[in-house]
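Visitor: structure_9.txt is reproduced in full below (compact mmCIF, C-alpha atoms).
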```txt
# COMPACT_ATOMS: atom_id res chain seq x y z
CA MET A 1 -9.09 32.59 -17.84
CA SER A 2 -5.90 34.32 -16.76
CA LEU A 3 -3.88 33.31 -13.77
CA GLY A 4 -4.60 34.63 -10.30
CA VAL A 5 -2.16 35.00 -7.43
CA VAL A 6 -2.56 34.17 -3.73
CA VAL A 7 -0.09 35.25 -1.05
CA ALA A 8 0.00 33.61 2.37
CA SER A 9 2.09 34.95 5.22
CA HIS A 10 2.43 34.28 8.94
CA VAL A 11 1.58 37.92 9.67
CA ASP A 12 -1.54 39.81 8.56
CA LYS A 13 0.35 43.04 7.86
CA ILE A 14 3.01 41.26 5.78
CA ALA A 15 0.31 39.72 3.57
CA GLU A 16 -1.44 43.06 3.31
CA GLY A 17 1.81 44.86 2.50
CA VAL A 18 2.87 42.35 -0.14
CA HIS A 19 -0.58 42.59 -1.70
CA ARG A 20 -0.22 46.38 -1.85
CA LEU A 21 3.18 46.07 -3.52
CA LEU A 22 1.91 43.54 -6.08
CA LYS A 23 -1.09 45.67 -7.00
CA GLU A 24 1.30 48.48 -7.99
CA SER A 25 2.66 46.41 -10.84
CA ALA A 26 -0.42 44.31 -11.58
CA PRO A 27 -3.63 46.34 -11.13
CA ASP A 28 -5.67 44.00 -13.35
CA VAL A 29 -4.54 40.69 -11.86
CA SER A 30 -6.77 39.04 -9.26
CA ILE A 31 -4.57 38.92 -6.15
CA THR A 32 -5.91 37.71 -2.80
CA TYR A 33 -4.05 37.28 0.47
CA ALA A 34 -4.16 35.65 3.87
CA GLY A 35 -2.00 36.50 6.87
CA GLY A 36 -1.78 35.28 10.46
CA THR A 37 -4.19 33.18 12.46
CA ASP A 38 -7.96 33.59 12.89
CA ASP A 39 -7.24 35.76 15.94
CA GLY A 40 -4.73 38.00 14.19
CA GLU A 41 -1.76 36.29 15.86
CA VAL A 42 1.40 35.11 14.09
CA GLY A 43 0.75 31.82 12.29
CA SER A 44 -1.39 30.36 9.51
CA SER A 45 -5.13 29.96 9.28
CA TYR A 46 -6.85 27.27 7.22
CA ALA A 47 -10.01 29.41 7.03
CA LEU A 48 -8.24 32.57 5.86
CA ILE A 49 -6.13 30.75 3.26
CA GLU A 50 -9.21 28.87 2.03
CA ALA A 51 -11.08 32.19 1.70
CA ALA A 52 -8.18 33.76 -0.23
CA ILE A 53 -8.23 30.85 -2.68
CA GLU A 54 -12.01 30.69 -3.06
CA GLN A 55 -12.48 34.46 -3.33
CA ASN A 56 -9.87 34.89 -6.04
CA ASP A 57 -11.58 35.64 -9.38
CA SER A 58 -9.35 33.17 -11.18
CA ASP A 59 -9.64 29.38 -11.11
CA THR A 60 -5.97 28.86 -11.90
CA LEU A 61 -3.82 30.13 -9.07
CA TYR A 62 -0.16 30.61 -8.28
CA CYS A 63 0.33 30.65 -4.51
CA PHE A 64 3.29 32.15 -2.69
CA TYR A 65 4.09 31.74 1.01
CA ASP A 66 6.67 32.89 3.53
CA LEU A 67 7.35 29.91 5.81
CA GLY A 68 6.67 26.20 6.22
CA SER A 69 3.35 26.12 8.02
CA ALA A 70 1.79 28.52 5.50
CA LYS A 71 2.93 26.09 2.80
CA MET A 72 1.45 23.08 4.60
CA THR A 73 -1.83 24.92 5.11
CA LEU A 74 -1.86 25.91 1.42
CA GLU A 75 -1.32 22.25 0.54
CA MET A 76 -4.24 21.15 2.70
CA VAL A 77 -6.56 23.72 1.13
CA SER A 78 -5.33 22.85 -2.37
CA GLU A 79 -6.31 19.22 -1.76
CA MET A 80 -9.87 20.30 -0.89
CA THR A 81 -10.59 22.94 -3.54
CA ASP A 82 -11.75 22.43 -7.14
CA LYS A 83 -9.43 25.20 -8.32
CA ASP A 84 -6.15 24.50 -10.06
CA VAL A 85 -3.63 25.53 -7.41
CA THR A 86 0.15 25.60 -7.87
CA ILE A 87 2.29 26.33 -4.81
CA ILE A 88 5.50 28.06 -5.84
CA ASP A 89 8.60 27.52 -3.69
CA ALA A 90 10.12 30.82 -4.79
CA ALA A 91 11.47 33.69 -2.71
CA PHE A 92 8.21 35.08 -1.33
CA ILE A 93 8.15 38.71 -2.45
CA GLU A 94 10.40 38.42 -5.52
CA GLY A 95 8.48 35.38 -6.77
CA ALA A 96 5.03 36.87 -6.27
CA TYR A 97 6.14 40.18 -7.81
CA THR A 98 7.61 38.48 -10.88
CA ALA A 99 4.50 36.34 -11.39
CA CYS A 100 2.15 39.31 -11.06
CA ALA A 101 4.13 41.53 -13.41
CA LEU A 102 4.23 38.81 -16.06
CA ILE A 103 0.55 37.94 -15.73
CA GLN A 104 -0.26 41.63 -16.08
CA GLY A 105 1.95 41.71 -19.18
CA GLY A 106 -0.02 38.85 -20.74
CA TYR A 107 2.74 36.24 -20.67
CA ASN A 108 1.76 32.57 -20.80
CA GLN A 109 2.26 30.05 -18.03
CA ALA A 110 5.35 28.45 -19.59
CA ASP A 111 7.12 31.83 -19.77
CA ILE A 112 6.15 32.66 -16.21
CA ASP A 113 7.34 29.26 -14.95
CA ALA A 114 10.66 29.77 -16.70
CA GLN A 115 11.19 33.13 -14.99
CA LEU A 116 10.17 31.76 -11.61
CA ALA A 117 12.50 28.77 -11.79
CA PRO A 118 15.71 30.67 -10.81
CA LEU A 119 13.86 32.31 -7.90
CA LYS A 120 13.17 28.99 -6.20
CA VAL A 121 14.87 28.99 -2.83
CA LYS A 122 12.85 26.53 -0.76
CA MET B 123 -7.47 -4.20 19.46
CA ASP B 124 -10.30 -1.94 18.34
CA LEU B 125 -10.65 1.70 19.34
CA THR B 126 -14.16 2.81 20.31
CA HIS B 127 -15.42 6.37 19.95
CA GLU B 128 -15.70 6.67 23.76
CA GLN B 129 -12.06 5.66 24.16
CA ALA B 130 -11.00 8.06 21.40
CA THR B 131 -12.84 10.91 23.13
CA ARG B 132 -11.25 10.13 26.52
CA TRP B 133 -7.86 9.84 24.82
CA LEU B 134 -8.15 13.28 23.22
CA LEU B 135 -9.43 14.94 26.41
CA ASN B 136 -6.53 13.45 28.34
CA PHE B 137 -4.12 14.71 25.62
CA HIS B 138 -5.55 18.21 26.00
CA GLN B 139 -4.96 18.05 29.76
CA LYS B 140 -1.34 16.92 29.34
CA VAL B 141 -0.59 19.59 26.74
CA THR B 142 -2.15 22.29 28.91
CA GLU B 143 -0.19 21.18 32.00
CA ASN B 144 3.05 21.18 29.99
CA LYS B 145 2.37 24.24 27.85
CA ALA B 146 5.29 26.26 29.23
CA TYR B 147 7.68 23.31 28.97
CA LEU B 148 6.75 22.68 25.31
CA SER B 149 7.28 26.34 24.42
CA GLU B 150 10.60 26.34 26.29
CA LEU B 151 11.78 23.32 24.23
CA ASP B 152 10.64 25.13 21.10
CA GLN B 153 12.47 28.32 22.08
CA ALA B 154 15.77 26.44 22.08
CA ILE B 155 15.52 25.21 18.47
CA GLY B 156 12.40 26.75 16.91
CA ASP B 157 10.11 29.73 17.32
CA GLY B 158 8.90 29.12 20.86
CA ASP B 159 5.19 28.77 20.27
CA HIS B 160 4.60 25.00 20.30
CA GLY B 161 3.10 24.97 23.81
CA SER B 162 0.66 27.80 23.30
CA ASN B 163 -0.27 26.61 19.78
CA MET B 164 -0.96 23.05 20.92
CA ALA B 165 -2.83 24.22 24.03
CA ARG B 166 -5.09 26.35 21.84
CA GLY B 167 -5.58 23.50 19.35
CA THR B 168 -6.34 20.77 21.90
CA GLU B 169 -8.64 23.18 23.76
CA ALA B 170 -10.63 23.51 20.51
CA VAL B 171 -10.63 19.71 20.18
CA SER B 172 -12.01 19.26 23.67
CA ASP B 173 -14.67 21.98 23.12
CA LYS B 174 -15.79 20.23 19.93
CA LEU B 175 -15.89 16.79 21.55
CA GLU B 176 -17.80 18.00 24.59
CA SER B 177 -20.56 19.39 22.39
CA ALA B 178 -20.43 16.53 19.85
CA THR B 179 -23.63 14.74 18.96
CA ASP B 180 -22.36 12.29 16.34
CA ASP B 181 -20.95 9.29 18.13
CA SER B 182 -18.93 7.41 15.53
CA LEU B 183 -15.17 6.91 15.75
CA GLU B 184 -14.76 8.52 12.34
CA ALA B 185 -16.65 11.62 13.50
CA VAL B 186 -14.55 11.99 16.68
CA LEU B 187 -11.29 11.75 14.73
CA LYS B 188 -12.51 14.10 12.01
CA GLN B 189 -13.67 16.72 14.52
CA ALA B 190 -10.29 16.54 16.21
CA ALA B 191 -8.59 16.99 12.82
CA MET B 192 -10.69 20.02 11.87
CA ALA B 193 -10.18 21.68 15.26
CA LEU B 194 -6.40 21.19 15.08
CA ILE B 195 -6.20 22.39 11.47
CA SER B 196 -8.19 25.53 12.18
CA LYS B 197 -6.89 26.51 15.63
CA VAL B 198 -3.24 25.56 16.13
CA GLY B 199 -1.75 28.26 13.87
CA GLY B 200 1.75 26.77 13.59
CA ALA B 201 3.16 23.89 11.54
CA SER B 202 1.90 21.37 14.08
CA GLY B 203 -1.69 22.24 13.05
CA PRO B 204 -1.46 20.81 9.52
CA LEU B 205 0.74 17.97 10.81
CA TYR B 206 -1.48 16.76 13.67
CA GLY B 207 -4.52 17.68 11.57
CA SER B 208 -3.34 15.51 8.68
CA ALA B 209 -2.66 12.66 11.12
CA PHE B 210 -6.20 12.74 12.53
CA MET B 211 -7.74 13.27 9.09
CA ALA B 212 -5.92 10.16 7.79
CA MET B 213 -7.07 8.25 10.90
CA ALA B 214 -10.67 9.39 10.32
CA LYS B 215 -10.50 8.12 6.72
CA THR B 216 -9.10 4.79 7.89
CA ALA B 217 -11.82 4.54 10.57
CA LYS B 218 -14.34 4.11 7.75
CA GLU B 219 -12.69 0.76 7.02
CA THR B 220 -11.40 -0.41 10.39
CA SER B 221 -11.24 0.66 14.04
CA GLU B 222 -8.12 -1.42 14.68
CA LEU B 223 -5.80 0.79 16.74
CA SER B 224 -2.47 -0.05 15.10
CA ALA B 225 -3.95 0.46 11.61
CA LEU B 226 -5.26 3.87 12.73
CA ILE B 227 -1.92 5.01 14.17
CA GLU B 228 -0.12 3.71 11.08
CA ALA B 229 -2.47 5.81 8.91
CA GLY B 230 -1.82 8.84 11.13
CA LEU B 231 1.93 8.37 10.73
CA ASP B 232 1.55 8.19 6.94
CA GLY B 233 -0.52 11.39 7.05
CA ILE B 234 2.26 13.22 8.92
CA LYS B 235 4.98 11.92 6.60
CA HIS B 236 2.96 12.98 3.56
CA ARG B 237 2.30 16.48 4.91
CA GLY B 238 5.72 17.23 6.38
CA LYS B 239 7.84 15.23 3.89
CA ALA B 240 9.84 14.04 6.91
CA ASP B 241 11.06 10.54 7.67
CA VAL B 242 12.60 8.68 10.57
CA GLY B 243 15.81 10.33 11.80
CA ASP B 244 14.90 13.89 10.75
CA LYS B 245 14.27 14.81 14.43
CA THR B 246 10.54 15.46 14.13
CA MET B 247 7.33 14.02 15.53
CA VAL B 248 7.82 11.12 13.08
CA ASP B 249 10.56 9.89 15.44
CA MET B 250 7.87 9.40 18.10
CA TRP B 251 5.05 8.15 15.85
CA GLN B 252 7.16 5.53 14.04
CA PRO B 253 8.38 3.57 17.10
CA VAL B 254 4.89 3.80 18.64
CA ALA B 255 3.27 2.47 15.44
CA THR B 256 5.79 -0.38 15.33
CA ALA B 257 5.26 -1.23 19.01
CA LEU B 258 1.47 -1.22 18.57
CA ARG B 259 1.77 -3.61 15.65
CA GLU B 260 3.89 -5.93 17.77
CA ASP B 261 1.61 -5.41 20.78
CA THR B 262 4.47 -4.09 22.94
CA LEU B 263 3.54 -0.41 23.39
CA SER B 264 4.32 0.89 26.88
CA LEU B 265 5.60 4.06 28.53
CA ALA B 266 9.09 2.63 28.02
CA THR B 267 8.56 2.86 24.23
CA ILE B 268 7.95 6.60 24.59
CA ASP B 269 10.94 7.15 26.92
CA GLN B 270 13.16 5.24 24.54
CA ALA B 271 11.96 7.30 21.54
CA LEU B 272 12.70 10.55 23.42
CA ARG B 273 16.20 9.33 24.32
CA GLU B 274 16.83 8.49 20.68
CA VAL B 275 15.53 11.81 19.31
CA LYS B 276 17.93 13.89 21.47
CA PRO B 277 21.24 13.22 19.70
CA LEU B 278 19.72 13.65 16.23
CA LYS B 279 20.42 16.69 14.06
CA ALA B 280 17.22 18.33 12.78
CA LYS B 281 16.70 18.03 9.03
CA LYS B 282 13.12 19.34 8.76
CA GLY B 283 11.16 22.28 10.09
CA ARG B 284 12.36 25.43 11.82
CA ALA B 285 14.86 23.46 13.94
CA SER B 286 16.83 22.56 10.81
CA TYR B 287 17.87 26.24 10.51
CA VAL B 288 19.98 25.95 13.65
CA GLY B 289 21.60 22.75 12.33
CA GLU B 290 24.28 21.45 14.71
CA ARG B 291 22.76 23.33 17.66
CA SER B 292 19.72 21.06 17.54
CA ILE B 293 21.89 18.10 18.57
CA GLY B 294 21.22 17.22 22.20
CA ALA B 295 17.89 19.10 22.31
CA LEU B 296 14.49 17.45 22.52
CA ASP B 297 12.17 17.99 19.57
CA PRO B 298 8.99 19.68 20.86
CA GLY B 299 6.79 17.85 18.33
CA ALA B 300 8.19 14.49 19.43
CA VAL B 301 7.55 15.48 23.07
CA SER B 302 3.94 16.56 22.45
CA SER B 303 3.40 13.36 20.44
CA GLY B 304 4.79 11.50 23.46
CA TYR B 305 1.98 13.08 25.54
CA LEU B 306 -0.51 11.94 22.92
CA PHE B 307 0.63 8.34 23.23
CA THR B 308 0.97 8.48 27.03
CA ALA B 309 -2.69 9.56 27.04
CA LEU B 310 -3.48 6.65 24.70
CA ILE B 311 -1.81 4.16 27.05
CA GLU B 312 -3.64 5.60 30.08
CA GLU B 313 -7.09 5.69 28.51
CA VAL B 314 -7.07 2.76 26.11
CA LEU B 315 -4.33 0.27 26.90
CA SER B 316 -4.33 0.22 30.71
```
Could you spell out this file's structure in structure tokens?
Guide:
Amino acid sequence: MSLGVVVASHVDKIAEGVHRLLKESAPDVSITYAGGTDDGEVGSSYALIEAAIEQNDSDTLYCFYDLGSAKMTLEMVSEMTDKDVTIIDAAFIEGAYTACALIQGGYNQADIDAQLAPLKVK
Amino acid sequence: MDLTHEQATRWLLNFHQKVTENKAYLSELDQAIGDGDHGSNMARGTEAVSDKLESATDDSLEAVLKQAAMALISKVGGASGPLYGSAFMAMAKTAKETSELSALIEAGLDGIKHRGKADVGDKTMVDMWQPVATALREDTLSLATIDQALREVKPLKAKKGRASYVGERSIGALDPGAVSSGYLFTALIEEVLS
């Protein structure tokens, strides 16, 4: 099964906006997103990130995040799920965009990893 | 000494009270070197812990610690959610084997280090948890341990978390996570060790 992408941001509208951008270049890739807390405030939500991971059509996921607590929450969910989750420490938008475009183009994981490597900033 | 589930419940309720009373102060500390939401995040998280514990029906130590972990993970919203949540989750796992207090706190400390990839001297909550864990092992934990840890955290330069962005400016400031962890252990002393 092809790779899926999950984006996690501290703000609901950022996650929504990044998702919209990614879909432009990767209409056939399963992309799910989580933003903000359960109450729509700035922060990260375990429940929303868990839902984004579980509801993604793919079982092999590349996850992108904006800041530290979204990463830690992604890590906690990844330890609980049966899916194969890789958290990518790349520049949030550039990394997610690159991954989505390459998945859409049918590239394999090794090629995608190689293109993501120089985008790692965290 | 062993921690009972009644003591653990009283400890967590007391922690909630301290965090709530000092909510503005914690956020003020966080404003200086972070994003200013530590007080409100922790107040929301410990409120959820106390709601869970007040309606709890399962009375094992493991269950109390696990409920606290889940409430903190789902309600805090900031980085302290996964960090405190991982601490209490690690303590809940350890409670299956032992209810010995120093072993539990040691497990909590390991949980935080694993989640945050921080160590002693990085100016984080680890700089409160580590001296407390050591003092518990040596049976010397007192309020003086906490005061001493806070004095030692001040001159450090932050190497982890949001505070590391401001680099040198973090020197001389108190780390909000170390301060809220200080409340956690003050509550522990009041409810369990006094």
Visitor: Leaving out Ile155 in chain B and any residue of its chain fewer than 3 positions from it, which residues lie within 8 Å of it when counting all atoms listed in the file, given as a CSV table (one decimal) with C-alpha atoms, keeping the file's coordinate frame?
Guide:
```csv
chain,number,residue,atom,x,y,z
B,151,LEU,CA,11.8,23.3,24.2
B,152,ASP,CA,10.6,25.1,21.1
B,284,ARG,CA,12.4,25.4,11.8
B,285,ALA,CA,14.9,23.5,13.9
B,288,VAL,CA,20.0,26.0,13.6
B,291,ARG,CA,22.8,23.3,17.7
B,292,SER,CA,19.7,21.1,17.5
B,295,ALA,CA,17.9,19.1,22.3
```
Visitor: Please provide the set of residues having any atom within 7 Å of Val42 in chain A, restricted to only C-alpha atoms, with same-chain residues fewer than 3 positions apart removed, written as a VMD selection string.
Guide: chain A and resid 10 to 11 36 to 37
Visitor: Counting all atoms listed in the file, which residues of chain A sit at most 6 Å from some atom of chain B, and what is each one's closest atom pair with its distance in Å to one decimal, listed by chain and rising residue number, as CSV?
Guide:
```
residue,atom,partner,partner_atom,distance
A:Thr37,CA,B:Gly199,CA,5.7
A:Gly43,CA,B:Gly199,CA,4.6
A:Ser44,CA,B:Gly199,CA,4.9
A:Ser45,CA,B:Gly199,CA,5.9
A:Tyr46,CA,B:Ser196,CA,5.4
A:Ser69,CA,B:Ala201,CA,4.2
```
Visitor: What box, with edges along x, y and z, holds each listed atom of range 66-82 of chain A when 3 Å is added on every side, and can you state its centre and edge lengths in Å to one decimal, as JSON?
Guide:
```
{"center_x": -2.2, "center_y": 26.1, "center_z": 0.4, "size_x": 25.1, "size_y": 19.7, "size_z": 21.2}
```
Visitor: What separation in Å, quoted to one decimal, exists between CA of His236 in chain B and CA of Ala146 in chain B?
Guide: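 That distance, rounded to one decimal, is 29.0 Å.
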Visitor: I'd like to know which of A:Ser25, A:Ser9, A:Thr60, A:Thr81 is closest to Glu41 in chain A, using only C-alpha atoms.
Guide: A:Ser9
Visitor: One decimal, in Å: what's the spacing between CA of Thr308 in chain B and CA of Thr256 in chain B?
Guide: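 We find that CA of Thr308 in chain B and CA of Thr256 in chain B lie 15.4 Å from each other.
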Visitor: Can you work out which one of A:Leu102, A:Ile88, A:Leu48, A:Met80 has the shortest atom-to-atom distance to Lys120 in chain A, counting only C-alpha atoms?
Guide: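 With only C-alpha atoms as the atom set, the closest residue is A:Ile88.
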Visitor: Which residues come within 12 Å of Thr98 in chain A, counting all atoms listed in the file, excluding same-chain residues fewer than 5 positions away, as a list in words?
Guide: Val5, Leu21, Leu22, Lys23, Ser25, Ala26, Tyr62, Phe64, Ile88, Ala90, Ala91, Phe92, Ile93, Ile103, Gln104, Gly105, Tyr107, Asp111, Ile112, Asp113, Ala114, Gln115, Leu116, Ala117, Pro118, Leu119 and Lys120 of chain A
Visitor: Please provide the set of residues having any atom within 10 Å of Glu24 in chain A, restricted to only C-alpha atoms, with same-chain residues fewer than 3 positions apart removed, written as number ranges by chain.
Guide: A: 19-21, 27-28, 97, 100-101
